[in-house]
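Trainee: For reference, the file target-v7.txt (compact mmCIF, C-alpha atoms) is included below:
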# COMPACT_ATOMS: atom_id res chain seq x y z
CA MET A 1 0.00 0.00 0.00
CA SER A 2 1.40 3.37 -0.96
CA GLN A 3 1.96 5.86 1.83
CA SER A 4 -0.17 8.43 0.09
CA ILE A 5 -2.74 8.69 -2.65
CA ASP A 6 -1.62 10.83 -5.57
CA LEU A 7 -4.73 12.87 -6.33
CA LYS A 8 -2.90 14.98 -8.91
CA GLN A 9 -2.01 11.89 -10.89
CA ALA A 10 -5.59 10.65 -10.65
CA ASP A 11 -6.89 14.04 -11.80
CA ARG A 12 -4.42 14.04 -14.69
CA LYS A 13 -5.47 10.57 -15.79
CA VAL A 14 -9.19 11.33 -15.63
CA PHE A 15 -8.71 14.62 -17.45
CA THR A 16 -6.48 13.43 -20.30
CA ALA A 17 -8.70 10.36 -20.79
CA SER A 18 -11.51 12.76 -21.66
CA PHE A 19 -9.97 14.27 -24.79
CA ASP A 20 -6.57 12.76 -25.56
CA ASP A 21 -7.87 10.79 -28.52
CA GLY A 22 -5.59 12.03 -31.31
CA LEU A 23 -8.30 14.22 -32.88
CA VAL A 24 -6.69 17.36 -31.42
CA ASP A 25 -3.41 16.42 -33.07
CA ILE A 26 -5.10 15.84 -36.41
CA PHE A 27 -6.77 19.25 -36.21
CA ILE A 28 -3.45 20.91 -35.30
CA SER A 29 -1.87 19.25 -38.33
CA SER A 30 -4.61 20.74 -40.54
CA VAL A 31 -3.64 24.18 -39.20
CA THR A 32 0.11 23.69 -39.61
CA LEU A 33 -0.52 22.43 -43.13
CA MET A 34 -1.29 26.05 -43.99
CA PHE A 35 2.29 27.04 -43.19
CA ALA A 36 3.61 24.25 -45.38
CA VAL A 37 1.35 24.79 -48.38
CA GLY A 38 0.48 28.47 -47.87
CA PRO A 39 3.82 29.86 -49.14
CA LEU A 40 3.43 27.84 -52.33
CA THR A 41 0.00 29.33 -53.06
CA THR A 42 0.80 32.87 -51.98
CA ALA A 43 3.79 32.82 -54.32
CA TYR A 44 1.24 32.99 -57.14
CA ILE A 45 -1.17 35.43 -55.48
CA ASN A 46 1.19 37.98 -53.93
CA PRO A 47 2.58 39.39 -57.20
CA TYR A 48 -0.97 40.51 -58.04
CA LEU A 49 -2.27 41.55 -54.61
CA GLY A 50 0.85 42.53 -52.70
CA ASP A 51 2.29 40.75 -49.65
CA PHE A 52 -0.30 41.81 -47.05
CA TRP A 53 -3.49 41.06 -49.03
CA GLY A 54 -1.90 38.05 -50.69
CA ASP A 55 -0.96 36.50 -47.32
CA LEU A 56 -4.38 37.35 -45.94
CA LEU A 57 -6.15 35.69 -48.86
CA GLY A 58 -3.76 32.75 -48.60
CA THR A 59 -4.85 32.31 -44.97
CA VAL A 60 -8.55 32.80 -45.65
CA MET A 61 -8.37 30.12 -48.32
CA PHE A 62 -7.64 27.60 -45.55
CA LEU A 63 -10.72 28.47 -43.50
CA PRO A 64 -13.01 26.05 -45.38
CA LEU A 65 -10.42 23.29 -44.93
CA TRP A 66 -10.27 23.93 -41.18
CA GLY A 67 -14.05 24.11 -41.01
CA ILE A 68 -14.51 20.81 -42.82
CA THR A 69 -11.74 19.15 -40.80
CA TYR A 70 -13.34 20.40 -37.58
CA LEU A 71 -16.79 19.11 -38.56
CA VAL A 72 -15.44 15.72 -39.65
CA LEU A 73 -13.40 15.32 -36.44
CA ARG A 74 -16.41 16.35 -34.36
CA TRP A 75 -18.52 13.74 -36.13
CA ILE A 76 -15.84 11.08 -35.49
CA ARG A 77 -15.72 12.08 -31.83
CA LYS A 78 -19.50 11.93 -31.48
CA LYS A 79 -20.06 8.69 -33.37
CA PHE A 80 -16.98 6.62 -32.63
CA VAL A 81 -14.94 8.05 -29.76
CA GLY A 82 -17.64 9.41 -27.45
CA PRO A 83 -19.56 6.16 -26.90
CA ARG A 84 -16.28 4.37 -26.13
CA ARG A 85 -15.02 7.14 -23.88
CA GLY A 86 -18.05 7.82 -21.71
CA VAL A 87 -19.04 11.05 -19.99
CA VAL A 88 -17.25 13.02 -17.31
CA LYS A 89 -17.84 16.35 -15.59
CA PHE A 90 -14.87 17.87 -13.88
CA GLY A 91 -14.61 19.42 -10.46
CA PRO A 92 -14.09 23.12 -9.65
CA THR A 93 -10.27 22.89 -9.53
CA ARG A 94 -10.02 21.58 -13.07
CA LYS A 95 -12.67 24.02 -14.30
CA ARG A 96 -10.68 26.94 -12.82
CA LYS A 97 -7.52 25.66 -14.48
CA MET A 98 -9.25 25.45 -17.86
CA SER A 99 -10.74 28.91 -17.44
CA THR A 100 -7.28 30.35 -16.68
CA PHE A 101 -5.91 28.55 -19.72
CA SER A 102 -8.64 29.95 -21.98
CA TRP A 103 -8.02 33.51 -20.79
CA LEU A 104 -4.26 33.18 -21.19
CA MET A 105 -4.60 31.81 -24.71
CA LEU A 106 -7.07 34.52 -25.68
CA THR A 107 -4.80 37.26 -24.35
CA LEU A 108 -1.78 35.71 -26.00
CA ASN A 109 -3.54 35.42 -29.35
CA VAL A 110 -4.68 39.04 -29.26
CA VAL A 111 -1.16 40.23 -28.40
CA PHE A 112 0.42 38.18 -31.14
CA LEU A 113 -2.27 39.12 -33.65
CA ILE A 114 -1.42 42.79 -33.06
CA LEU A 115 2.29 42.00 -33.34
CA GLY A 116 1.64 39.99 -36.49
CA ILE A 117 -0.25 42.86 -38.14
CA LEU A 118 2.50 45.30 -37.11
CA PHE A 119 5.14 43.05 -38.64
CA ALA A 120 3.08 42.71 -41.81
CA VAL A 121 2.48 46.47 -42.14
CA VAL A 122 5.81 47.86 -40.98
CA PRO A 123 8.61 47.47 -43.56
CA SER A 124 10.11 44.09 -42.81
CA GLY A 125 13.59 43.56 -41.43
CA PRO A 126 15.84 40.60 -41.98
CA GLY A 127 14.17 37.19 -42.32
CA TRP A 128 15.50 36.00 -38.98
CA LEU A 129 13.84 38.89 -37.19
CA ASN A 130 10.50 38.35 -38.93
CA VAL A 131 10.12 34.77 -37.83
CA LEU A 132 11.07 35.28 -34.18
CA PRO A 133 7.68 36.59 -32.93
CA PHE A 134 5.94 33.73 -34.69
CA SER A 135 8.33 31.19 -33.17
CA ALA A 136 7.85 32.74 -29.73
CA MET A 137 4.07 32.67 -30.09
CA VAL A 138 4.01 29.03 -31.13
CA LEU A 139 6.44 28.00 -28.42
CA ILE A 140 4.58 29.86 -25.65
CA SER A 141 1.14 28.69 -26.86
CA PHE A 142 2.11 25.03 -27.00
CA THR A 143 4.00 25.22 -23.70
CA LEU A 144 0.90 26.65 -22.02
CA ALA A 145 -1.30 24.02 -23.66
CA ALA A 146 1.07 21.24 -22.59
CA TYR A 147 1.05 22.49 -19.02
CA PHE A 148 -2.66 23.17 -18.65
CA LEU A 149 -3.86 20.16 -20.65
CA ASP A 150 -1.29 17.81 -19.11
CA LEU A 151 -0.15 16.68 -22.57
CA ASN A 152 3.63 16.38 -22.56
CA ARG A 153 3.90 15.81 -26.31
CA PHE A 154 2.69 19.38 -26.85
CA TYR A 155 6.06 20.60 -25.51
CA ILE A 156 7.65 18.72 -28.41
CA TYR A 157 5.10 20.13 -30.86
CA GLY A 158 5.91 23.62 -29.57
CA LEU A 159 9.62 23.09 -30.08
CA MET A 160 9.11 21.52 -33.50
CA LEU A 161 6.78 24.24 -34.79
CA GLY A 162 8.64 27.06 -33.02
CA LEU A 163 11.91 26.01 -34.61
CA ALA A 164 10.33 25.30 -38.03
CA PRO A 165 10.53 28.91 -39.34
CA ILE A 166 14.04 29.40 -37.96
CA VAL A 167 15.33 26.17 -39.46
CA GLY A 168 13.42 27.01 -42.65
CA GLU A 169 15.14 30.37 -42.86
CA TRP A 170 18.49 28.66 -42.32
CA LEU A 171 17.74 26.15 -45.10
CA TYR A 172 16.81 29.05 -47.36
CA ARG A 173 20.00 30.97 -46.67
CA GLU A 174 22.40 28.04 -46.66
CA PHE A 175 20.92 25.80 -49.33
CA GLY A 176 18.56 28.07 -51.22
CA VAL A 177 15.48 26.05 -50.28
CA SER A 178 12.48 27.86 -51.75
CA HIS A 179 9.81 29.75 -49.81
CA HIS A 180 12.13 30.21 -46.81
CA GLY A 181 12.10 26.48 -46.21
CA PHE A 182 8.54 26.58 -44.86
CA PRO A 183 7.17 23.78 -47.07
CA VAL A 184 9.98 21.49 -45.86
CA THR A 185 10.06 22.25 -42.13
CA PHE A 186 6.33 22.73 -41.61
CA GLY A 187 5.60 19.87 -43.99
CA ILE A 188 7.66 17.49 -41.84
CA ALA A 189 6.10 18.83 -38.61
CA THR A 190 2.60 18.48 -40.11
CA VAL A 191 3.17 14.88 -41.15
CA VAL A 192 4.64 13.98 -37.75
CA ILE A 193 1.74 15.57 -35.81
CA PHE A 194 -0.85 14.03 -38.14
CA LEU A 195 0.67 10.55 -37.77
CA VAL A 196 0.86 10.85 -33.99
CA GLY A 197 -2.83 11.82 -33.97
CA LEU A 198 -3.78 9.00 -36.29
CA VAL A 199 -1.89 6.37 -34.27
CA LYS A 200 -3.42 7.71 -31.06
CA LEU A 201 -6.93 7.66 -32.54
CA PHE A 202 -6.65 4.11 -33.84
CA SER A 203 -5.17 2.83 -30.59
CA ILE A 204 -8.07 4.40 -28.66
CA LEU A 205 -10.60 2.80 -31.03
CA ARG A 206 -8.84 -0.56 -30.88
CA GLU A 207 -8.37 -0.65 -27.10
CA ASN A 208 -11.91 0.51 -26.32
CA PRO A 209 -14.54 -1.45 -28.22
CA PHE A 210 -18.09 -0.18 -28.24
CA PRO A 211 -19.37 -0.85 -24.72
CA VAL A 212 -22.03 -3.44 -24.22
CA GLU A 213 -25.14 -2.25 -22.44
CA GLU A 214 -24.12 -1.30 -18.91
CA PRO A 215 -25.33 -3.60 -16.13
CA THR A 216 -27.65 -2.33 -13.46
CA PRO A 217 -25.71 -2.13 -10.20
CA GLN A 218 -27.37 -4.39 -7.67
CA ALA A 219 -26.42 -6.27 -4.53
CA MET B 1 -7.30 6.70 25.92
CA GLU B 2 -3.67 5.69 26.16
CA LYS B 3 -2.03 5.61 22.78
CA ARG B 4 0.04 2.63 21.73
CA GLN B 5 2.83 4.67 20.26
CA THR B 6 6.23 3.37 19.23
CA THR B 7 9.43 5.33 19.68
CA ASP B 8 9.16 6.29 16.00
CA GLY B 9 5.85 8.00 16.61
CA LEU B 10 3.77 5.38 14.78
CA GLU B 11 0.19 5.47 16.02
CA VAL B 12 -0.66 1.85 15.42
CA GLU B 13 -4.20 2.00 16.79
CA LYS B 14 -5.20 4.32 13.96
CA LEU B 15 -5.15 1.30 11.65
CA VAL B 16 -8.23 0.00 13.46
CA ASP B 17 -10.13 3.15 12.51
CA ILE B 18 -9.43 2.73 8.80
CA ASP B 19 -12.67 2.26 6.88
CA PRO B 20 -12.54 -1.27 5.39
CA LEU B 21 -15.08 -0.29 2.78
CA VAL B 22 -12.71 2.30 1.32
CA HIS B 23 -9.60 0.21 1.95
CA ALA B 24 -10.35 -2.48 -0.66
CA PRO B 25 -8.00 -1.72 -3.62
CA ALA B 26 -10.66 -1.62 -6.33
CA ARG B 27 -13.03 0.54 -4.28
CA LEU B 28 -10.17 2.81 -3.26
CA MET B 29 -9.33 3.29 -6.92
CA VAL B 30 -12.97 4.02 -7.77
CA MET B 31 -13.29 6.52 -4.92
CA THR B 32 -10.00 8.23 -5.86
CA TYR B 33 -11.22 8.87 -9.40
CA LEU B 34 -14.64 9.95 -8.20
CA TYR B 35 -13.03 12.32 -5.69
CA VAL B 36 -11.34 14.40 -8.43
CA VAL B 37 -14.46 14.89 -10.58
CA ASP B 38 -18.01 16.15 -10.20
CA ASN B 39 -19.43 12.98 -11.74
CA LEU B 40 -18.83 10.51 -14.51
CA ASP B 41 -20.67 7.68 -16.16
CA PHE B 42 -20.28 3.93 -15.93
CA VAL B 43 -18.42 3.63 -19.26
CA TYR B 44 -15.86 6.28 -18.31
CA LEU B 45 -15.23 4.79 -14.88
CA ARG B 46 -14.87 1.30 -16.29
CA ARG B 47 -12.35 2.55 -18.86
CA ILE B 48 -10.07 4.39 -16.43
CA THR B 49 -10.21 1.74 -13.72
CA GLY B 50 -9.85 -1.21 -16.10
CA LEU B 51 -12.36 -3.19 -13.99
CA SER B 52 -14.89 -5.51 -15.58
CA TRP B 53 -18.54 -4.48 -15.78
CA GLY B 54 -19.56 -6.99 -13.13
CA ASN B 55 -16.72 -6.17 -10.77
CA LEU B 56 -17.31 -2.44 -11.01
CA SER B 57 -21.04 -2.91 -10.59
CA THR B 58 -20.52 -4.95 -7.40
CA HIS B 59 -18.18 -2.38 -5.87
CA LEU B 60 -20.48 0.49 -6.77
CA THR B 61 -23.41 -1.28 -5.16
CA LYS B 62 -21.44 -1.66 -1.91
CA LEU B 63 -20.41 1.98 -1.98
CA GLU B 64 -23.98 3.05 -2.73
CA GLU B 65 -25.34 0.99 0.15
CA ALA B 66 -22.84 2.68 2.46
CA GLY B 67 -24.07 6.05 1.20
CA TYR B 68 -20.67 6.91 -0.29
CA VAL B 69 -21.73 7.19 -3.93
CA LYS B 70 -24.84 8.38 -5.69
CA LEU B 71 -26.00 6.60 -8.85
CA GLU B 72 -28.30 8.60 -11.12
CA LYS B 73 -29.93 6.29 -13.62
CA SER B 74 -31.50 7.44 -16.85
CA PHE B 75 -31.95 6.31 -20.43
CA VAL B 76 -29.97 7.69 -23.37
CA ASP B 77 -31.07 6.45 -26.80
CA LYS B 78 -33.20 3.85 -25.01
CA LYS B 79 -30.13 2.43 -23.27
CA PRO B 80 -29.52 2.60 -19.51
CA HIS B 81 -27.07 5.32 -18.55
CA THR B 82 -25.72 5.78 -15.03
CA MET B 83 -23.95 8.89 -13.76
CA ILE B 84 -21.89 8.28 -10.65
CA SER B 85 -20.73 10.79 -8.05
CA LEU B 86 -19.36 10.78 -4.52
CA THR B 87 -21.76 11.94 -1.84
CA ASP B 88 -20.61 14.38 0.86
CA GLU B 89 -20.35 11.39 3.17
CA GLY B 90 -18.24 9.57 0.59
CA ARG B 91 -15.93 12.56 0.23
CA LYS B 92 -15.48 12.73 3.97
CA ALA B 93 -14.84 9.00 4.19
CA PHE B 94 -12.22 9.25 1.47
CA ARG B 95 -10.50 12.25 3.10
CA ASP B 96 -10.48 10.52 6.49
CA TYR B 97 -9.05 7.38 4.94
CA LYS B 98 -6.37 9.34 3.09
CA ASP B 99 -5.36 11.25 6.24
CA SER B 100 -5.30 8.12 8.38
CA ILE B 101 -3.26 6.03 6.00
CA GLN B 102 -0.84 8.88 5.43
CA GLU B 103 -0.48 9.45 9.16
CA VAL B 104 0.20 5.82 9.93
CA LEU B 105 2.29 4.74 6.96
CA GLY B 106 3.95 8.10 6.41
CA ASN B 107 5.73 7.75 9.76
CA LEU B 108 7.07 4.27 9.12
CA PRO B 109 10.85 4.03 9.50
CA ASP B 110 12.73 3.08 6.30
Using the file provided, produce a representation of the structure as structure tokens.
Mentor:
Amino acid sequence: MSQSIDLKQADRKVFTASFDDGLVDIFISSVTLMFAVGPLTTAYINPYLGDFWGDLLGTVMFLPLWGITYLVLRWIRKKFVGPRRGVVKFGPTRKRKMSTFSWLMLTLNVVFLILGILFAVVPSGPGWLNVLPFSAMVLISFTLAAYFLDLNRFYIYGLMLGLAPIVGEWLYREFGVSHHGFPVTFGIATVVIFLVGLVKLFSILRENPFPVEEPTPQA
Amino acid sequence: MEKRQTTDGLEVEKLVDIDPLVHAPARLMVMTYLYVVDNLDFVYLRRITGLSWGNLSTHLTKLEEAGYVKLEKSFVDKKPHTMISLTDEGRKAFRDYKDSIQEVLGNLPD
């Protein structure tokens, strides 16, 4: 018998079991796909519209993809994952933690959106300087998510995606890789995250068959 | 009451006060998970505990009879659905158990 009961570990297990089904990873990969494919599309648009409007249109073009991905993943969660997973309602401590996380992410996104617009409007500096705020935003966002959601692999995602533009810029300067190396670095990160999500999803589906009708507890 | 206390400060008689209903490993696991949530359903609890339907059902019945858990039965898509939560009494029993076991075993010499 252990000398103490680790309630934090129990809370972590109950919490991560509620959503760690790989679908989040797959959705993240659909977002990061934009950074891999976006530069290729904007290369054709920007000469006509300019950098700002070209990049904006390039981003907006991905909205339907994200929307469809979100709806499909939601359907998968409702039809296949939900019945296997069951239902849980968390206590006040976890709810407070999630509320703090939501506010932090919202604030962070607003701050970085403003910074992003400033960087897009103000005449740009060297490539290294341009990618730093983006890298910082990704790194901080994923670190916060990893901490608050108790998902350690998000630290790795943060590092991978935070370093992607810097490594991409290095590839561009050293080896002349096109589009600042984004298609290569973000492409690799996207594939890795997508595969992790897919493996996670299939293992959840395999390990948790559809439950039989629950028995009525009786003496 | 005179305490049977060793030189290491181990209060042995506290072991007698430990609630045997909570002490059973499977029920202790169930109560630990229930303690950290508001409520959850049968499927969720079965998944995180790894217990069989029958085993879990038996333990829940014992806990319900003791007044430690509340089972709210309903039907979802014409199938029985049970939400499970700890009662105030169950929370107190779990806290008392945790404190007692920590007090006794936490003072054991290496």
Trainee: Taking all atoms listed in the file into account, report as a PyMOL selection string which residues of chain B lie within 7 Å of chain A.
Mentor: chain B and resi 32-33+36-41+43-44+53+57-58+60-61+79-80+98+101-102+105-106
Trainee: Starting from 8 Å padding per side, set up an axis-aligned box that covers all listed atoms of region 104-111 of chain A and hand over centre and edge lengths in Å, one decimal, as lines of an AutoDock Vina configuration file.
Mentor:
center_x = -4.1
center_y = 36.0
center_z = -25.3
size_x = 21.9
size_y = 24.4
size_z = 24.2
Trainee: Would you mind reading off the distance between CA of Gly90 (chain B) and CA of Leu56 (chain B), one decimal, in Å?
Mentor: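 Result for CA of Gly90 (chain B) versus CA of Leu56 (chain B): 16.7 Å, one decimal.
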Trainee: If you count only C-alpha atoms, which residues fall within 10 Å of Leu57 (chain A), apart from same-chain ones fewer than 5 positions away, as a count of residues only?
Mentor: 9
Trainee: What does the distance between CA of Gly54 (chain B) and CA of Asp21 (chain A) come to in Å, to one decimal place?
Mentor: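 That distance, rounded to one decimal, is 26.3 Å.
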Trainee: Grab the CA of Thr143 (chain A) to CA of Tyr155 (chain A) distance for me, in Å with one decimal place.
Mentor: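 According to the coordinates, CA of Thr143 (chain A) and CA of Tyr155 (chain A) are separated by 5.4 Å.
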Trainee: At a cut-off of 7 Å, using all atoms listed in the file, what residues contact region 62-74 of chain B? Leave out same-chain residues fewer than 5 positions from it and give the result as a list in words.
Mentor: Pro80, His81, Thr82, Met83, Ile84, Ser85, Leu86, Thr87, Glu89 and Gly90 of chain B
Trainee: Which residue gives the smallest distance to Met61 (chain A) among A:Ala189, A:Met34, A:Val184, A:Leu115, with all atoms listed in the file counted?
Mentor: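 The shortest atom-to-atom distance to Met61 (chain A) comes from A:Met34.
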Trainee: Which residue, A:Pro165, A:Ser178, A:Tyr147, A:Gly116, has the smallest gap to Phe101 (chain A) when you use all atoms listed in the file?
Mentor: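 Between A:Pro165, A:Ser178, A:Tyr147, A:Gly116, the residue approaching Phe101 (chain A) most closely is A:Tyr147.
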Trainee: For Phe148 (chain A), work out the shell of residues within 12 Å, counting all atoms listed in the file and skipping chain neighbours fewer than 6 positions away, then give it as a PyMOL selection string.
Mentor: chain A and resi 12+15-16+93-105+141-142+154-155
